[in-house]
file work-v2.csv (CSV, C-alpha atoms)
chain,number,residue,atom,x,y,z
A,231,MET,CA,10.0,-6.7,2.1
A,232,ARG,CA,6.4,-5.6,2.5
A,233,ALA,CA,5.7,-3.4,5.4
A,234,TYR,CA,2.1,-2.7,5.7
A,235,LEU,CA,-1.0,-1.0,4.4
A,236,ALA,CA,-3.1,-1.8,1.4
A,237,PRO,CA,-5.6,0.7,0.2
A,238,GLN,CA,-7.0,-2.0,-2.0
A,239,PRO,CA,-10.2,-1.6,-4.0
A,240,PRO,CA,-12.9,-2.5,-1.5
A,241,GLN,CA,-14.4,-5.9,-2.0
A,242,ALA,CA,-17.5,-4.1,-1.0
A,243,ILE,CA,-17.9,-2.6,-4.5
A,244,SER,CA,-17.6,-5.8,-6.4
A,245,SER,CA,-19.4,-8.1,-4.0
A,246,GLY,CA,-22.4,-5.9,-3.4
A,247,GLU,CA,-22.6,-2.9,-1.2
A,248,ALA,CA,-25.6,-4.3,0.6
A,249,ASP,CA,-23.3,-6.9,2.2
A,250,ILE,CA,-21.5,-4.3,4.2
A,251,ARG,CA,-23.0,-3.9,7.6
A,252,SER,CA,-22.0,-2.0,10.7
A,253,GLU,CA,-22.1,-4.9,13.1
A,254,PHE,CA,-19.7,-5.2,16.0
A,255,SER,CA,-19.2,-6.0,19.7
A,256,LEU,CA,-16.2,-4.0,20.9
A,257,THR,CA,-14.9,-1.9,23.8
A,258,ASP,CA,-14.6,1.9,23.4
A,259,HIS,CA,-11.7,3.9,24.5
A,260,THR,CA,-13.4,4.7,27.9
A,261,GLY,CA,-13.6,0.9,28.6
A,262,ARG,CA,-17.3,0.6,27.9
A,263,ALA,CA,-18.6,-2.4,25.9
A,264,VAL,CA,-20.4,-1.2,22.8
A,265,THR,CA,-22.2,-2.5,19.8
A,266,GLU,CA,-23.5,-0.9,16.6
A,267,ALA,CA,-26.7,-0.3,18.6
A,268,ASP,CA,-24.9,2.4,20.7
A,269,PHE,CA,-24.5,4.4,17.5
A,270,ALA,CA,-27.9,3.8,15.9
A,271,GLY,CA,-29.7,6.8,14.6
A,272,ARG,CA,-26.4,8.5,13.7
A,273,TRP,CA,-24.3,8.3,10.6
A,274,GLN,CA,-21.0,6.5,11.1
A,275,LEU,CA,-17.6,7.3,9.7
A,276,VAL,CA,-15.6,4.2,10.2
A,277,PHE,CA,-11.8,3.6,9.7
A,278,PHE,CA,-9.8,0.5,10.5
A,279,GLY,CA,-6.1,1.1,11.4
A,280,PHE,CA,-3.6,0.7,14.3
A,281,THR,CA,-1.7,3.1,16.5
A,282,HIS,CA,1.8,1.9,15.4
A,283,CYS,CA,0.9,3.0,11.8
A,284,PRO,CA,3.2,5.9,11.0
A,285,ASP,CA,1.6,7.4,8.0
A,286,ILE,CA,-1.8,6.4,6.6
A,287,CYS,CA,-3.5,6.1,10.0
A,288,PRO,CA,-2.6,9.6,11.4
A,289,THR,CA,-3.1,11.0,7.9
A,290,THR,CA,-6.6,9.5,7.6
A,291,LEU,CA,-7.6,10.3,11.2
A,292,ALA,CA,-6.5,13.9,10.8
A,293,TYR,CA,-8.5,14.0,7.6
A,294,MET,CA,-11.6,12.6,9.4
A,295,ALA,CA,-11.1,15.3,12.1
A,296,SER,CA,-11.1,17.9,9.3
A,297,VAL,CA,-14.3,16.4,7.9
A,298,LEU,CA,-15.9,16.6,11.4
A,299,ASP,CA,-14.9,20.2,11.8
A,300,LEU,CA,-16.4,21.0,8.4
A,301,LEU,CA,-19.7,19.5,9.3
A,302,GLY,CA,-20.2,22.2,11.9
A,303,PRO,CA,-23.3,21.6,14.1
A,304,GLN,CA,-24.3,18.6,12.0
A,305,ALA,CA,-21.2,16.8,13.4
A,306,ASP,CA,-23.6,15.7,16.2
A,307,ARG,CA,-25.3,13.5,13.6
A,308,VAL,CA,-22.1,11.6,12.9
A,309,ALA,CA,-20.3,9.0,15.0
A,310,PRO,CA,-16.6,8.9,14.0
A,311,LEU,CA,-15.2,5.4,14.8
A,312,PHE,CA,-11.6,4.3,14.7
A,313,ILE,CA,-11.4,0.5,15.0
A,314,THR,CA,-8.0,-1.0,15.7
A,315,VAL,CA,-6.8,-4.1,13.7
A,316,ASP,CA,-4.0,-4.6,16.3
A,317,PRO,CA,-6.0,-5.1,19.5
A,318,VAL,CA,-3.2,-6.9,21.3
A,319,ARG,CA,-1.1,-3.7,21.5
A,320,ASP,CA,-4.0,-1.2,21.1
A,321,THR,CA,-5.5,-1.6,24.6
A,322,VAL,CA,-8.2,0.7,26.0
A,323,PRO,CA,-5.7,3.2,27.6
A,324,VAL,CA,-3.6,3.3,24.4
A,325,MET,CA,-6.7,4.0,22.3
A,326,ALA,CA,-7.8,6.7,24.7
A,327,GLU,CA,-4.5,8.6,24.4
A,328,TYR,CA,-4.3,8.1,20.7
A,329,VAL,CA,-7.8,9.2,19.7
A,330,SER,CA,-7.7,12.3,21.9
A,331,ALA,CA,-4.8,13.6,19.8
A,332,PHE,CA,-7.0,13.8,16.7
A,333,HIS,CA,-10.5,14.9,17.7
A,334,PRO,CA,-12.5,15.1,20.9
A,335,ARG,CA,-15.4,13.3,19.2
A,336,LEU,CA,-13.3,10.4,17.8
A,337,VAL,CA,-14.3,7.1,19.3
A,338,GLY,CA,-11.6,4.4,19.5
A,339,LEU,CA,-12.7,0.8,19.5
A,340,THR,CA,-10.7,-2.3,20.4
A,341,GLY,CA,-11.6,-5.8,21.6
A,342,THR,CA,-10.4,-9.4,21.4
A,343,GLU,CA,-8.8,-10.5,18.2
A,344,ALA,CA,-12.0,-12.5,17.4
A,345,GLN,CA,-14.2,-9.4,18.0
A,346,VAL,CA,-12.0,-7.3,15.7
A,347,ALA,CA,-12.1,-10.0,13.1
A,348,GLU,CA,-15.9,-10.1,13.2
A,349,ALA,CA,-16.1,-6.4,12.9
A,350,ALA,CA,-13.8,-6.4,9.9
A,351,GLN,CA,-15.8,-9.2,8.4
A,352,ALA,CA,-19.1,-7.2,8.8
A,353,PHE,CA,-17.5,-4.2,7.0
A,354,ARG,CA,-15.9,-6.5,4.4
A,355,THR,CA,-12.6,-4.9,5.1
A,356,TRP,CA,-9.2,-6.6,5.0
A,357,TYR,CA,-6.1,-6.7,7.3
A,358,GLU,CA,-3.3,-9.0,8.1
A,359,ARG,CA,-0.3,-9.3,10.3
A,360,VAL,CA,3.0,-8.9,8.4
A,361,GLU,CA,6.3,-9.9,10.0
A,362,GLU,CA,8.8,-7.1,9.7
A,363,GLU,CA,12.0,-7.6,11.6
A,364,THR,CA,12.8,-3.8,11.9
A,365,ALA,CA,9.3,-2.9,13.1
A,366,PRO,CA,8.5,-2.5,16.8
A,367,ASP,CA,7.7,-6.0,18.2
A,368,GLY,CA,8.7,-7.5,14.9
A,369,TYR,CA,5.5,-7.0,13.0
A,370,MET,CA,3.2,-4.5,11.3
A,371,MET,CA,-0.4,-4.6,10.3
A,372,ALA,CA,-1.4,-4.4,6.7
A,373,HIS,CA,-4.9,-3.0,6.2
A,374,ALA,CA,-7.1,-1.3,3.7
A,375,GLY,CA,-7.2,2.5,4.0
A,376,HIS,CA,-10.9,3.2,3.5
A,377,ILE,CA,-13.3,5.4,5.4
A,378,TYR,CA,-16.8,4.0,5.4
A,379,LEU,CA,-19.9,6.2,5.6
A,380,MET,CA,-22.7,4.1,7.1
A,381,ASP,CA,-26.3,5.4,7.3
A,382,PRO,CA,-28.2,5.7,10.6
A,383,ASP,CA,-29.5,2.1,10.1
A,384,GLY,CA,-25.9,0.8,9.9
A,385,ARG,CA,-26.1,0.2,6.2
A,386,PHE,CA,-23.3,1.1,3.7
A,387,GLU,CA,-23.6,4.5,2.0
A,388,ALA,CA,-20.2,5.4,0.6
A,389,VAL,CA,-16.5,4.7,0.9
A,390,PHE,CA,-13.7,7.3,0.7
A,391,GLN,CA,-10.0,7.3,0.6
A,392,GLU,CA,-8.1,10.3,2.0
A,393,ARG,CA,-6.0,10.8,-1.1
A,394,ASP,CA,-9.0,10.9,-3.5
A,395,GLN,CA,-10.7,14.2,-2.5
A,396,PRO,CA,-10.3,17.1,-0.1
A,397,PRO,CA,-12.1,16.8,3.2
A,398,GLU,CA,-14.5,19.5,2.0
A,399,ALA,CA,-15.9,17.0,-0.6
A,400,VAL,CA,-16.6,14.3,2.0
A,401,ALA,CA,-18.2,16.8,4.4
A,402,GLU,CA,-20.4,18.1,1.5
A,403,GLU,CA,-21.4,14.5,0.7
A,404,ILE,CA,-22.4,13.8,4.3
A,405,LEU,CA,-24.3,17.0,4.6
A,406,MET,CA,-26.2,16.2,1.4
A,407,GLN,CA,-27.0,12.7,2.8
A,408,ILE,CA,-28.2,14.2,6.1
A,409,GLU,CA,-30.4,16.6,4.2
A,410,LYS,CA,-31.8,13.9,2.0
A,411,GLU,CA,-32.6,11.8,5.1
A,412,GLU,CA,-34.4,14.8,6.7
A,413,GLN,CA,-36.5,15.3,3.7
A,414,GLN,CA,-37.6,11.7,3.7
A,415,GLU,CA,-38.7,11.9,7.3
B,234,MET,CA,13.7,27.0,4.2
B,235,LYS,CA,15.6,26.6,0.9
B,236,LEU,CA,18.1,29.3,1.7
B,237,LEU,CA,18.9,27.8,5.0
B,238,VAL,CA,19.4,24.4,3.5
B,239,ALA,CA,21.6,25.7,0.8
B,240,SER,CA,23.8,27.5,3.3
B,241,LEU,CA,24.0,24.3,5.4
B,242,LEU,CA,25.0,22.5,2.3
B,243,THR,CA,27.8,25.0,1.5
B,244,PHE,CA,29.0,24.6,5.1
B,245,ALA,CA,28.8,20.8,5.0
B,246,MET,CA,30.5,20.4,1.6
B,247,PRO,CA,32.9,23.2,0.7
B,248,MET,CA,34.3,21.2,-2.2
B,249,ALA,CA,33.3,22.4,-5.6
B,250,ALA,CA,31.9,20.5,-8.5
B,251,GLN,CA,29.7,18.2,-6.5
B,252,ALA,CA,26.1,17.5,-7.0
B,253,GLU,CA,23.9,20.0,-5.3
B,254,ILE,CA,20.8,18.7,-3.4
B,255,ILE,CA,18.1,21.0,-2.2
B,256,VAL,CA,16.1,19.7,0.7
B,257,SER,CA,12.9,21.8,1.0
B,258,ASP,CA,10.0,21.8,3.4
B,259,PRO,CA,11.2,19.1,5.8
B,260,TRP,CA,8.7,18.4,8.6
B,261,ALA,CA,7.6,15.6,10.9
B,262,ARG,CA,4.5,14.8,12.8
B,263,ALA,CA,4.4,15.1,16.6
B,264,SER,CA,4.3,11.7,18.3
B,265,VAL,CA,1.0,10.8,19.9
B,266,LEU,CA,2.7,8.1,21.9
B,267,ALA,CA,6.5,8.0,22.5
B,268,SER,CA,6.7,4.3,21.7
B,269,ARG,CA,5.1,4.7,18.2
B,270,PRO,CA,7.2,5.2,15.1
B,271,GLY,CA,7.2,8.8,13.8
B,272,ALA,CA,7.0,10.0,10.2
B,273,ALA,CA,9.0,12.7,8.4
B,274,TYR,CA,8.4,14.2,5.0
B,275,LEU,CA,10.5,16.4,2.7
B,276,THR,CA,11.1,17.4,-0.9
B,277,LEU,CA,14.5,16.6,-2.7
B,278,THR,CA,15.7,18.4,-5.8
B,279,SER,CA,19.0,17.7,-7.4
B,280,ASP,CA,20.8,19.3,-10.4
B,281,GLU,CA,22.2,15.9,-11.4
B,282,LEU,CA,21.3,12.3,-11.1
B,283,ASP,CA,21.7,11.2,-7.5
B,284,ARG,CA,20.5,8.6,-5.0
B,285,LEU,CA,19.5,8.9,-1.4
B,286,LEU,CA,21.3,6.0,0.3
B,287,GLU,CA,20.8,6.4,4.0
B,288,VAL,CA,19.0,8.6,6.5
B,289,THR,CA,19.9,8.9,10.2
B,290,SER,CA,18.8,11.0,13.1
B,291,PRO,CA,19.9,11.2,16.7
B,292,VAL,CA,16.3,11.0,17.8
B,293,ALA,CA,15.7,7.7,16.1
B,294,GLY,CA,17.3,4.2,16.4
B,295,HIS,CA,17.0,3.9,12.7
B,296,VAL,CA,15.2,5.6,9.8
B,297,MET,CA,13.5,3.7,7.0
B,298,LEU,CA,12.3,4.9,3.7
B,299,HIS,CA,8.8,3.7,2.8
B,300,GLY,CA,7.0,4.1,-0.5
B,301,ILE,CA,3.9,2.8,-2.1
B,302,GLU,CA,3.9,0.0,-4.7
B,303,THR,CA,0.8,-0.8,-6.7
B,304,ASP,CA,0.5,-4.3,-8.2
B,305,ALA,CA,-1.3,-5.4,-11.4
B,306,ALA,CA,-4.6,-5.8,-9.5
B,307,GLY,CA,-4.4,-2.2,-8.3
B,308,VAL,CA,-3.6,-3.2,-4.8
B,309,SER,CA,-1.2,-0.7,-3.2
B,310,ARG,CA,1.1,-1.6,-0.4
B,311,MET,CA,3.7,0.2,1.6
B,312,VAL,CA,7.2,-1.1,0.8
B,313,HIS,CA,10.5,-0.6,2.4
B,314,ILE,CA,12.8,1.2,-0.2
B,315,GLU,CA,16.5,0.7,0.0
B,316,GLY,CA,17.4,3.8,-2.0
B,317,LEU,CA,15.7,6.7,-3.7
B,318,ASP,CA,16.7,7.9,-7.1
B,319,ILE,CA,16.5,11.6,-7.9
B,320,SER,CA,16.5,12.8,-11.5
B,321,PRO,CA,17.9,16.2,-12.3
B,322,GLY,CA,15.3,18.9,-12.1
B,323,THR,CA,12.5,16.6,-11.0
B,324,PRO,CA,11.7,17.2,-7.4
B,325,VAL,CA,10.9,14.0,-5.3
B,326,THR,CA,8.3,14.7,-2.7
B,327,LEU,CA,7.7,12.5,0.3
B,328,ALA,CA,4.1,13.4,1.5
B,329,PRO,CA,1.5,11.9,3.8
B,330,GLY,CA,-0.4,9.0,2.2
B,331,SER,CA,2.3,8.2,-0.3
B,332,SER,CA,5.9,8.0,1.0
B,333,HIS,CA,7.6,8.9,4.1
B,334,LEU,CA,10.7,8.5,6.3
B,335,MET,CA,9.7,6.2,9.2
B,336,LEU,CA,11.5,7.1,12.4
B,337,MET,CA,11.9,3.9,14.4
B,338,ASP,CA,12.8,3.5,18.0
B,339,LEU,CA,12.4,7.1,18.9
B,340,SER,CA,14.5,8.1,21.9
B,341,ARG,CA,11.8,10.5,23.0
B,342,LYS,CA,8.4,11.8,22.1
B,343,LEU,CA,8.5,14.3,19.2
B,344,GLU,CA,6.8,17.4,20.6
B,345,GLU,CA,5.0,19.9,18.4
B,346,GLY,CA,7.0,23.1,18.0
B,347,GLU,CA,10.5,21.6,18.5
B,348,SER,CA,12.8,20.4,15.8
B,349,PHE,CA,15.5,17.7,15.3
B,350,PRO,CA,18.4,17.1,13.0
B,351,LEU,CA,18.1,14.6,10.1
B,352,THR,CA,21.1,13.5,8.1
B,353,LEU,CA,20.7,12.4,4.6
B,354,VAL,CA,23.5,10.6,2.7
B,355,PHE,CA,23.5,10.9,-1.1
B,356,GLU,CA,25.6,8.9,-3.5
B,357,ALA,CA,26.8,12.0,-5.4
B,358,ALA,CA,26.1,14.9,-3.1
B,359,GLY,CA,27.4,13.3,0.1
B,360,LYS,CA,26.1,13.9,3.5
B,361,LEU,CA,23.7,16.7,4.3
B,362,THR,CA,22.0,17.5,7.6
B,363,VAL,CA,18.7,19.4,7.9
B,364,GLU,CA,16.7,20.6,10.8
B,365,VAL,CA,13.2,19.1,10.8
B,366,PRO,CA,10.4,21.1,12.5
B,367,VAL,CA,7.8,19.0,14.3
B,368,LEU,CA,4.2,19.9,13.4
B,369,GLY,CA,1.0,18.8,15.1
B,370,PRO,CA,-0.1,15.1,15.2
B,371,GLY,CA,-2.7,15.8,12.6
B,372,ALA,CA,-0.6,18.1,10.3
B,373,MET,CA,-0.8,17.4,6.6
B,374,GLY,CA,2.2,19.6,5.6
B,375,PRO,CA,4.1,22.7,6.4
B,376,THR,CA,1.7,25.0,4.5
B,377,GLU,CA,-1.7,23.4,5.2
B,378,GLU,CA,-1.4,22.3,8.8
B,379,ARG,CA,-4.6,20.9,10.2
B,380,PRO,CA,-5.4,21.1,13.9
call {"tool": "encode", "arguments": {"input": "work-v2.csv", "output": "structure tokens"}}
result
Amino acid sequence: MRAYLAPQPPQAISSGEADIRSEFSLTDHTGRAVTEADFAGRWQLVFFGFTHCPDICPTTLAYMASVLDLLGPQADRVAPLFITVDPVRDTVPVMAEYVSAFHPRLVGLTGTEAQVAEAAQAFRTWYERVEEETAPDGYMMAHAGHIYLMDPDGRFEAVFQERDQPPEAVAEEILMQIEKEEQQE
Amino acid sequence: MKLLVASLLTFAMPMAAQAEIIVSDPWARASVLASRPGAAYLTLTSDELDRLLEVTSPVAGHVMLHGIETDAAGVSRMVHIEGLDISPGTPVTLAPGSSHLMLMDLSRKLEEGESFPLTLVFEAAGKLTVEVPVLGPGAMGPTEERP
């Protein structure tokens, strides 16, 4: 009886990192229609999940919040995005209440099922609906548990999983990337 | 917390010569939304082979034990576990990102700072009730709580 969640090895790594793009047309938790262009010029930390997820999603979002806090003033250079894979239940007001519990900077993104599928395709991430009779509404969402770091042009830079390293290591990596980018300018 | 649990155990099961289970560091995350399932975590230590059979709580319609299963391809999935074996002297820890007790159909929102009773039924040790403190929605554990 499978319930949900699959932190599987990202197809990204095997199929070519250049394939992963931050491209989406979604609605943020304030009800505003947004695309990747709204976050251009900033690094993006992107996580796909859903609000009925009891463990991995709150764990990972809390972890992302720790990373943001550890970035200090450089957090302004990073857009943290939480994209739901369960848009039917995760409406704008649900996303608004949910993201505010984790970090004031966290942006919740939802949309139509087609829009979410397109966003997941651009990030080469995976999710599926799993029927589970004991779950609320009779289903759960299985999804990969990765956090993507995308560069200010929306290109793939790195992928992390919460359990692999402390938040300090991710913050350090992001600060290093920001510094490298500044030196190139 | 261990002392408290041990004394509860004594109270719950005065009979001698039964397996002794120590439940340490129980905690749950505060609910972000009342209608969402909650998650609780704890560590179980037994002095003999035992098996966790059932978990109940007055705050939840039912409680499910979830673990992680990794297949040959290295793909991990959350799975519903029917029972949890505990080997003598080897603590079993349920922790964020690996395994948890999923609290379904919550009767109310779990608020940070409160606590609720959780009853665990073991094959050998019998029934044991612990009080589970509710930490923040982003908490990672009783000792390293994150805001």
call {"tool": "residues_near_point", "arguments": {"input": "work-v2.csv", "point": "(15.0, 10.4, 22.6)", "cutoff": "8 Å", "atoms": "all atoms listed in the file", "output": "ChimeraX atom specification"}}
result
/B:291-293,339-342
call {"tool": "closest_residue", "arguments": {"input": "work-v2.csv", "among": "A:Ala372, A:Ala349, A:Ala295, A:Leu405", "to": "Ser255 (chain A)", "atoms": "all atoms listed in the file"}}
result
A:Ala349
call {"tool": "atom_distance", "arguments": {"input": "work-v2.csv", "atom1": "CA of Glu411 (chain A)", "atom2": "CA of Asp381 (chain A)"}}
result
9.2 Å
call {"tool": "residues_around", "arguments": {"input": "work-v2.csv", "residues": "Leu353 (chain B)", "least_positions_apart": "3", "cutoff": "6 Å", "atoms": "only C-alpha atoms", "output": "list in words"}}
result
Val288, Lys360 and Leu361 of chain B
call {"tool": "closest_residue", "arguments": {"input": "work-v2.csv", "among": "B:Ala328, B:Val354, B:Leu343, B:Leu286", "to": "chain A", "atoms": "only C-alpha atoms"}}
result
B:Ala328
call {"tool": "closest_residue", "arguments": {"input": "work-v2.csv", "among": "B:Val265, B:Glu315, B:Ile254, B:Gly271", "to": "Met325 (chain A)", "atoms": "only C-alpha atoms"}}
result
B:Val265
call {"tool": "closest_residue", "arguments": {"input": "work-v2.csv", "among": "A:Leu291, A:Leu300, A:Val315, A:Ala267", "to": "chain B", "atoms": "only C-alpha atoms"}}
result
A:Leu291
call {"tool": "residues_around", "arguments": {"input": "work-v2.csv", "residues": "Ala401 (chain A)", "least_positions_apart": "6", "cutoff": "10 Å", "atoms": "all atoms listed in the file", "output": "list of chain:residue names"}}
result
A:Met294, A:Ser296, A:Val297, A:Leu298, A:Asp299, A:Leu300, A:Leu301, A:Gly302, A:Gln304, A:Ala305, A:Gln407
call {"tool": "atom_distance", "arguments": {"input": "work-v2.csv", "atom1": "CA of Arg272 (chain A)", "atom2": "CA of Glu398 (chain A)"}}
result
20.0 Å
call {"tool": "closest_residue", "arguments": {"input": "work-v2.csv", "among": "A:Pro382, A:Pro317, A:Pro397, A:Gly338", "to": "chain B", "atoms": "only C-alpha atoms"}}
result
A:Pro397
call {"tool": "residues_near_point", "arguments": {"input": "work-v2.csv", "point": "(22.3, 11.0, -7.0)", "cutoff": "9 Å", "atoms": "all atoms listed in the file", "output": "PyMOL selection string"}}
result
chain B and resi 252+254+279+281-286+317-321+355-358
call {"tool": "atom_distance", "arguments": {"input": "work-v2.csv", "atom1": "CA of Ala352 (chain A)", "atom2": "CA of Phe254 (chain A)"}}
result
7.5 Å
call {"tool": "closest_residue", "arguments": {"input": "work-v2.csv", "among": "B:Ala372, B:Gly316, B:Glu287, B:Glu345", "to": "Pro329 (chain B)", "atoms": "all atoms listed in the file"}}
result
B:Ala372
call {"tool": "decode", "arguments": {"input": "work-v2.csv", "residues": "region 352-375 of chain A", "atoms": "N, CA and C atoms", "output": "CSV table (one decimal), in the first residue's frame"}}
result
chain,number,residue,atom,x,y,z
A,352,ALA,N,9.1,21.2,-17.0
A,352,ALA,CA,10.2,22.1,-17.2
A,352,ALA,C,11.4,21.8,-16.2
A,353,PHE,N,11.0,21.5,-15.0
A,353,PHE,CA,12.0,21.1,-14.0
A,353,PHE,C,12.4,19.7,-14.0
A,354,ARG,N,11.8,18.9,-14.9
A,354,ARG,CA,12.0,17.5,-15.0
A,354,ARG,C,11.8,16.8,-13.7
A,355,THR,N,10.8,17.2,-13.0
A,355,THR,CA,10.5,16.6,-11.7
A,355,THR,C,9.3,15.6,-12.0
A,356,TRP,N,9.0,14.8,-11.0
A,356,TRP,CA,8.0,13.8,-11.1
A,356,TRP,C,7.0,13.8,-10.0
A,357,TYR,N,5.7,13.6,-10.3
A,357,TYR,CA,4.7,13.4,-9.2
A,357,TYR,C,3.6,12.6,-9.8
A,358,GLU,N,2.8,12.0,-9.0
A,358,GLU,CA,1.6,11.3,-9.4
A,358,GLU,C,0.6,11.1,-8.3
A,359,ARG,N,-0.6,11.0,-8.7
A,359,ARG,CA,-1.7,10.8,-7.7
A,359,ARG,C,-1.8,9.4,-7.4
A,360,VAL,N,-1.8,9.1,-6.1
A,360,VAL,CA,-1.9,7.7,-5.6
A,360,VAL,C,-3.2,7.5,-4.8
A,361,GLU,N,-4.0,6.6,-5.2
A,361,GLU,CA,-5.2,6.3,-4.4
A,361,GLU,C,-4.9,5.7,-3.1
A,362,GLU,N,-5.4,6.2,-2.0
A,362,GLU,CA,-5.1,5.7,-0.7
A,362,GLU,C,-6.4,5.9,0.1
A,363,GLU,N,-7.1,4.8,0.4
A,363,GLU,CA,-8.4,5.0,0.9
A,363,GLU,C,-8.5,5.6,2.3
A,364,THR,N,-7.4,5.5,3.1
A,364,THR,CA,-7.4,6.1,4.4
A,364,THR,C,-7.0,7.6,4.4
A,365,ALA,N,-6.5,8.1,3.2
A,365,ALA,CA,-6.1,9.5,3.2
A,365,ALA,C,-7.3,10.4,3.0
A,366,PRO,N,-7.1,11.7,3.4
A,366,PRO,CA,-8.2,12.6,3.2
A,366,PRO,C,-8.5,12.7,1.7
A,367,ASP,N,-9.8,12.7,1.4
A,367,ASP,CA,-10.3,12.7,0.0
A,367,ASP,C,-9.9,11.5,-0.8
A,368,GLY,N,-9.3,10.5,-0.1
A,368,GLY,CA,-9.0,9.2,-0.8
A,368,GLY,C,-7.8,9.2,-1.6
A,369,TYR,N,-6.9,10.2,-1.6
A,369,TYR,CA,-5.7,10.1,-2.3
A,369,TYR,C,-4.6,10.9,-1.7
A,370,MET,N,-3.4,10.6,-2.1
A,370,MET,CA,-2.2,11.4,-1.8
A,370,MET,C,-1.4,11.6,-3.0
A,371,MET,N,-0.5,12.5,-3.0
A,371,MET,CA,0.4,12.8,-4.1
A,371,MET,C,1.7,12.3,-3.8
A,372,ALA,N,2.2,11.5,-4.8
A,372,ALA,CA,3.6,11.0,-4.7
A,372,ALA,C,4.4,12.0,-5.4
A,373,HIS,N,5.6,12.4,-4.9
A,373,HIS,CA,6.4,13.4,-5.6
A,373,HIS,C,7.8,13.3,-5.2
A,374,ALA,N,8.7,13.8,-6.0
A,374,ALA,CA,10.1,13.8,-5.7
A,374,ALA,C,10.4,14.8,-4.7
A,375,GLY,N,11.4,14.6,-3.8
A,375,GLY,CA,11.6,15.5,-2.7
A,375,GLY,C,12.8,16.5,-2.9
